[in-house]
Structures are given as C-alpha cells and as structure tokens.
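Heads up, the thing below is written out as structure tokens.
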Amino acid sequence: MIVFKYFTIIYYRKMVNKKELINCFTKSLVVEEQRKNRVTTNGITSTLIVSALSMAFVNESCKSAGQVSKSQVIYRKLEAKSLDDVQNCFREHTVRFVKFLKIFSRNRKFVISFDTTDEAFYGEYSEAEDKLYLHEGSEAREAEYHYKFLTVAITTSFGSRYVLDGVILPRGHYIEDYVGSMLKFVKKHLPLETVLFDRGFTSWAVIHVLRKLKVCYMIFWKKHGSWYKKHFNQMKKEECKRILRKYKYCKDKNGYKVKSHFILIKQLKYEEKTYDWIFATNLKLDKAENYVKIYKKRWGIETIYRVTDDIRAYTTSTKALLRYFLFMFTCLTYNLWKHFQNYLGENFALTNFQTCMIIFLTKTGNIYPVHYDQFEQIMQNQHAPI
C-alpha cells in the first residue's frame, strides 16, 4: 500500500533536524511488502521525488534514478486502493500539520481559497481507462481533453501558503458537493477567517453549502443576466452598494431556496485599471476597497499552481487513481519546499530546493544514477585542456 507519511515536525513537540525530516518523508511514504528482493520504500519514494523535481515521466525517472526498474512496479502498489484512500492519507498529514501551524500562528484565523487546475491529456480518448474523469477541451496544444483537480489552500497574507486538500473531478460533478466535503474537513481542524472563490464558482448551490456551514465567504460573481445593471446605472464612481438577493435552484428533483448579500462596487481602480466588482458575500465591511483587498488574498492559490506546474511528476497512464496520486504527490512536494522556506528564508527558492534535494538524495544513497560509474570513468580518462 502506498501511503502519504507526514513530512513535517509534528511527530515531536520540538523540531528535528533537516536530515531527519527528509528521511522521514522519503522513507515512510510507501509501506514495504514483506518478501525477498523487494523494491524498497526508499527507492520508490526517491524515484517519485526525482520525477517531480525534474518534471519527468515516472518511467524515465525509474531509468535515471536506478532504484526501480519501471513505473509499473510503483503503480502496482496502488491497485487495491481507491481515490478516497489517497485523499484520506493526504488529509491525515494535513491534520498533523495544522496543529503545528496553529501553535506558531498564535491561533490566528486563516484565509483559505478554492480553485481548480487542469492537466492536459494527450492520448486517444477511445483508449482511456477512466473516461469519466476526462473533460472536453484543453488550453494545451494538441490536447482535446484534460483532467481537472480541485484544491483548497491557505492563502492568507502571513506565513506560508500550503495545500490542505485536493480531489480529482469527474465529468458532470456537482462542485458544491466537493466544496462542502473539503470545507467540512478544513473547518474541523483550522480556525477560518474567510473562504474565497473566483468566478468559476458562481453558483447558488455553492452559496447554499457555505451558509449551512456558517463560514464567512466571498465569491467573485460572474455578470450573468441584467439584474446588476440597474444598480450600477444609479451608482457613482467608486461607490459601494449592498443588496440582498433570493434564489431557488433545483437539484436531484428537489427545490432549494437560498439567499445572499451581494456587494456591487462601481469603477474601483486596481493596478492602474478600473473595474466593476460584484461579490456574493456575507461580509460587511466599511469601505469598498476592503472587499477587494480581502479578495486579493485568493490569488495566492494561483501562485501555488504556477509553482506546482514546475514540480510535476508525469505519467502516460489513463487511470484516474494514478493521475490523482501523482497530483497529490506534487502538492506534498510543494508543501515540503514551503516548510523549508519558512526556516531558510525567501531566498530559498524552488530551484534551490530542487538542487538541494537531488544532491541530498544522491549523497545519502537514496538514488544512484544507473550511468554514474561509466560517467565517472569517462571523466577521469579525459584530459582537460590547459
């Protein structure tokens, strides 16, 4: 069974050193099978780390790292597992992590954000094993389908931004169901200030879930219909207006009534441009710009996605479970980097982390490139020019 093992210092009330911390992460991710000549957990985990840090396919990393013969050896350990198993393992580590985070944050409340990210699918749709998880369309060239992931992350202005949970979304999903499940989990373990959403979550069903969970929320609302136009026409530049709207939506042959306040802000300048802003929110602030300032904290999750795009382990497999597992492994690797950055400072960039991790894995014998001996011999036989 492949399981995520918590990689931060929550095992003890005092901080362990860097070597112990990485060993905990790299050696405890996979549970070893009790048989001779087995592939070690150390080898599997190290191969996955090399794949993520090198933005390489897992099978290519197997060839270069010299620990696992082929990617199928790793994938077989997931065959008996489910999507829920992967998510539950990741959640276990989040629980331990937030306990530590709350202590060092002096029990402040956190701003969290939801967002989705896509991963292009370049194979033949007819040959895919889990077509339910392939969505039509893709921004990537030569790709007609994509996988879609939903994550929730800490995006508050103080401290580091961390991924708390994530799921792979099937076609025809009800986004509010996933938001509700993930928010219940986070709310149980982390004190929340506000939950932020972009326009992709414009949904009365999402509002219904947020109101039932009694959280402070803000959704950057799409300009659907014409209901807002009469209000903007009566407003002055930079004026803010708060209105109450009611709506009834249907789901599974049932009707649900929901209401929410909306904040309309006319022509408020931001970054040298002016916008008309519409927020669905239960926040009540005294100034128009304060709503925008809070919403800006959501953009931290966009930064997370830009970083995880540079630490992605790839696969040609069309199994949703493997795609999901490798995506969450990417999130795990990202969280590890942010953890070290907390102690080493902002100058410890992602490139520093990638270099340090590869060197560490090599020095400790966690990886041993298959061509290293031949490479060293060739270099020793070369005569450097004067």
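All residue names refer to the structure tokens as shown: chains lettered A, B, ... in order, residues numbered from 1 in each chain, ligands numbered from 1 in order.
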
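All residues in stretch 75-137 of chain A with a DSSP state of strand (DSSP E), computed from the backbone, read Phe110, Val111, Ile112, Ser113, Phe114, Asp115, Thr116, Thr117, Asp118, Glu119, Ala120, Phe121, His135 and Glu136 of chain A.
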
Only C-alpha atoms, please: the residues just picked out, written as a PDB file, in the first residue's frame.
ATOM      1  CA  PHE A 110      -6.752  31.693   8.289  1.00  0.00           C
ATOM      2  CA  VAL A 111      -7.895  32.784   4.861  1.00  0.00           C
ATOM      3  CA  ILE A 112      -8.347  29.791   2.564  1.00  0.00           C
ATOM      4  CA  SER A 113      -9.138  29.643  -1.140  1.00  0.00           C
ATOM      5  CA  PHE A 114     -10.630  27.122  -3.522  1.00  0.00           C
ATOM      6  CA  ASP A 115      -9.633  26.787  -7.157  1.00  0.00           C
ATOM      7  CA  THR A 116      -9.343  24.268  -9.970  1.00  0.00           C
ATOM      8  CA  THR A 117      -6.401  23.403 -12.185  1.00  0.00           C
ATOM      9  CA  ASP A 118      -6.215  21.303 -15.340  1.00  0.00           C
ATOM     10  CA  GLU A 119      -3.794  18.681 -16.613  1.00  0.00           C
ATOM     11  CA  ALA A 120      -3.802  18.069 -20.362  1.00  0.00           C
ATOM     12  CA  PHE A 121      -4.479  14.582 -21.721  1.00  0.00           C
ATOM     13  CA  HIS A 135     -13.160  16.640 -19.576  1.00  0.00           C
ATOM     14  CA  GLU A 136     -13.527  18.042 -23.068  1.00  0.00           C
TER      15      GLU A 136
END

What's around stretch 245-254 of chain A at 9 Å? Count only C-alpha atoms, leave out sequence neighbours fewer than 6 positions away in its own chain, and write the answer as a PyMOL selection string.
chain A and resi 204-205+260-262

Could you save the residues just selected, with N, CA and C atoms, as a JSON list (two decimals), in the first residue's frame?
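In the end it all went to part.json:
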[["chain", "number", "residue", "atom", "x", "y", "z"],
["A", 204, "TRP", "N", -25.44, 29.32, -6.95],
["A", 204, "TRP", "CA", -26.27, 29.44, -5.77],
["A", 204, "TRP", "C", -26.18, 28.19, -4.90],
["A", 205, "ALA", "N", -25.89, 27.05, -5.52],
["A", 205, "ALA", "CA", -25.72, 25.82, -4.75],
["A", 205, "ALA", "C", -24.49, 25.91, -3.85],
["A", 260, "SER", "N", -28.50, 35.54, -0.34],
["A", 260, "SER", "CA", -27.16, 36.04, -0.05],
["A", 260, "SER", "C", -27.11, 37.53, -0.34],
["A", 261, "HIS", "N", -26.27, 38.21, 0.39],
["A", 261, "HIS", "CA", -26.00, 39.61, 0.09],
["A", 261, "HIS", "C", -24.96, 39.68, -1.03],
["A", 262, "PHE", "N", -25.09, 40.72, -1.82],
["A", 262, "PHE", "CA", -24.14, 40.98, -2.90],
["A", 262, "PHE", "C", -23.59, 42.39, -2.73]]

Residue with the minimum atom-to-atom distance to A:Gly166, picked from A:Phe327, A:Arg211, A:Tyr145, A:Asn42 with only C-alpha atoms counted, is A:Phe327

Contact table stretch 256-333 of chain A vs stretch 52-57 of chain A, cut-off 10 Å, shortest pair per residue, only C-alpha atoms, as CSV:
residue,atom,partner,partner_atom,distance
A:Thr308,CA,A:Ala52,CA,9.1
A:Asp309,CA,A:Met55,CA,8.4
A:Asp310,CA,A:Met55,CA,6.5
A:Ile311,CA,A:Ala52,CA,4.7
A:Arg312,CA,A:Ala52,CA,4.6
A:Ala313,CA,A:Ala52,CA,4.1
A:Tyr314,CA,A:Phe57,CA,4.3
A:Thr315,CA,A:Phe57,CA,5.2
A:Thr316,CA,A:Phe57,CA,7.7
A:Leu326,CA,A:Ala52,CA,8.6
A:Phe327,CA,A:Ala52,CA,9.6
A:Phe329,CA,A:Ala52,CA,8.1
A:Thr330,CA,A:Ala52,CA,6.5
A:Thr333,CA,A:Ala52,CA,7.7

Output of the above residues as an mmCIF file, in the first residue's frame, restricted to C-alpha atoms:
data_model
loop_
_atom_site.group_PDB
_atom_site.id
_atom_site.type_symbol
_atom_site.label_atom_id
_atom_site.label_comp_id
_atom_site.auth_asym_id
_atom_site.auth_seq_id
_atom_site.Cartn_x
_atom_site.Cartn_y
_atom_site.Cartn_z
ATOM 1 C CA THR A 308 3.338 23.052 -8.828
ATOM 2 C CA ASP A 309 3.493 23.267 -12.612
ATOM 3 C CA ASP A 310 7.277 23.186 -12.099
ATOM 4 C CA ILE A 311 7.304 20.167 -9.756
ATOM 5 C CA ARG A 312 5.017 17.761 -11.537
ATOM 6 C CA ALA A 313 5.533 14.003 -11.875
ATOM 7 C CA TYR A 314 4.078 12.882 -15.200
ATOM 8 C CA THR A 315 2.628 9.599 -16.415
ATOM 9 C CA THR A 316 1.112 8.222 -19.589
ATOM 10 C CA LEU A 326 0.781 11.908 -8.668
ATOM 11 C CA PHE A 327 -1.009 15.265 -8.471
ATOM 12 C CA PHE A 329 2.347 13.896 -4.546
ATOM 13 C CA THR A 330 3.134 17.153 -6.325
ATOM 14 C CA THR A 333 6.428 18.115 -2.556
#

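Among the candidates A:Glu239, A:Asp198, A:Asp165, A:Glu176, the one nearest to A:Cys331 when counting only C-alpha atoms is A:Asp165.
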
Would you mind telling me which residue in A:Leu190, A:Met328, A:Leu48, A:Leu134 lies nearest to A:Asp85 when using only C-alpha atoms?
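Looking only at the distances to A:Asp85, the closest residue turns out to be A:Met328.
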
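Distances here use only C-alpha atoms; by that measure, the residue among A:Ala143, A:Val58, A:Leu196, A:Val86 closest to A:Tyr125 is A:Ala143.
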
Which polymer residues have any atom within 10 Å of an atom of stretch 228-235 of chain A, counting only C-alpha atoms, with same-chain residues fewer than 2 positions away left out, as a PDB file with N, CA and C atoms, in the first residue's frame?
ATOM      1  N   LYS A 223     -21.049  38.142 -14.185  1.00  0.00           N
ATOM      2  CA  LYS A 223     -22.126  39.066 -14.558  1.00  0.00           C
ATOM      3  C   LYS A 223     -23.142  38.357 -15.444  1.00  0.00           C
ATOM      4  N   HIS A 224     -23.928  37.495 -14.803  1.00  0.00           N
ATOM      5  CA  HIS A 224     -24.991  36.787 -15.510  1.00  0.00           C
ATOM      6  C   HIS A 224     -26.268  37.608 -15.497  1.00  0.00           C
ATOM      7  N   GLY A 225     -26.970  37.617 -16.602  1.00  0.00           N
ATOM      8  CA  GLY A 225     -28.230  38.323 -16.642  1.00  0.00           C
ATOM      9  C   GLY A 225     -28.040  39.839 -16.654  1.00  0.00           C
ATOM     10  N   SER A 226     -29.080  40.544 -16.217  1.00  0.00           N
ATOM     11  CA  SER A 226     -29.035  42.014 -16.232  1.00  0.00           C
ATOM     12  C   SER A 226     -29.437  42.623 -14.897  1.00  0.00           C
ATOM     13  N   LYS A 237     -19.070  56.664  -9.355  1.00  0.00           N
ATOM     14  CA  LYS A 237     -17.765  56.021  -9.446  1.00  0.00           C
ATOM     15  C   LYS A 237     -17.215  55.751  -8.046  1.00  0.00           C
ATOM     16  N   GLU A 238     -16.708  54.518  -7.854  1.00  0.00           N
ATOM     17  CA  GLU A 238     -16.114  54.043  -6.595  1.00  0.00           C
ATOM     18  C   GLU A 238     -17.147  53.891  -5.479  1.00  0.00           C
ATOM     19  N   GLU A 239     -18.409  53.980  -5.815  1.00  0.00           N
ATOM     20  CA  GLU A 239     -19.453  53.779  -4.814  1.00  0.00           C
ATOM     21  C   GLU A 239     -19.678  52.285  -4.586  1.00  0.00           C
ATOM     22  N   CYS A 240     -20.076  51.943  -3.366  1.00  0.00           N
ATOM     23  CA  CYS A 240     -20.314  50.552  -2.979  1.00  0.00           C
ATOM     24  C   CYS A 240     -21.765  50.394  -2.539  1.00  0.00           C
ATOM     25  N   LYS A 241     -22.400  49.333  -2.997  1.00  0.00           N
ATOM     26  CA  LYS A 241     -23.804  49.095  -2.656  1.00  0.00           C
ATOM     27  C   LYS A 241     -23.992  47.652  -2.227  1.00  0.00           C
ATOM     28  N   ILE A 243     -26.787  44.694  -1.508  1.00  0.00           N
ATOM     29  CA  ILE A 243     -28.176  44.309  -1.748  1.00  0.00           C
ATOM     30  C   ILE A 243     -28.371  42.842  -1.368  1.00  0.00           C
ATOM     31  N   PHE A 262     -25.091  40.718  -1.819  1.00  0.00           N
ATOM     32  CA  PHE A 262     -24.141  40.982  -2.899  1.00  0.00           C
ATOM     33  C   PHE A 262     -23.586  42.393  -2.733  1.00  0.00           C
ATOM     34  N   LEU A 264     -21.817  45.385  -4.739  1.00  0.00           N
ATOM     35  CA  LEU A 264     -21.541  45.953  -6.054  1.00  0.00           C
ATOM     36  C   LEU A 264     -20.646  47.174  -5.876  1.00  0.00           C
ATOM     37  N   ILE A 265     -19.532  47.194  -6.575  1.00  0.00           N
ATOM     38  CA  ILE A 265     -18.584  48.299  -6.497  1.00  0.00           C
ATOM     39  C   ILE A 265     -18.355  48.821  -7.910  1.00  0.00           C
ATOM     40  N   LYS A 266     -18.640  50.085  -8.122  1.00  0.00           N
ATOM     41  CA  LYS A 266     -18.568  50.645  -9.464  1.00  0.00           C
ATOM     42  C   LYS A 266     -17.232  51.333  -9.718  1.00  0.00           C
ATOM     43  N   GLN A 267     -16.577  50.902 -10.790  1.00  0.00           N
ATOM     44  CA  GLN A 267     -15.373  51.557 -11.311  1.00  0.00           C
ATOM     45  C   GLN A 267     -14.338  51.872 -10.229  1.00  0.00           C
ATOM     46  N   ASP A 276     -15.702  47.108 -12.519  1.00  0.00           N
ATOM     47  CA  ASP A 276     -16.947  46.943 -11.785  1.00  0.00           C
ATOM     48  C   ASP A 276     -16.875  45.591 -11.083  1.00  0.00           C
ATOM     49  N   ILE A 278     -18.387  42.618  -8.483  1.00  0.00           N
ATOM     50  CA  ILE A 278     -19.578  42.029  -7.866  1.00  0.00           C
ATOM     51  C   ILE A 278     -19.129  40.847  -7.007  1.00  0.00           C
TER      52      ILE A 278
END

DSSP on the backbone, helix (DSSP H, G or I) only: what residues of stretch 29-156 of chain A does that give? Format it as number ranges by chain.
A: 41-54, 58-65, 71-78, 83-104, 125-127, 131-133
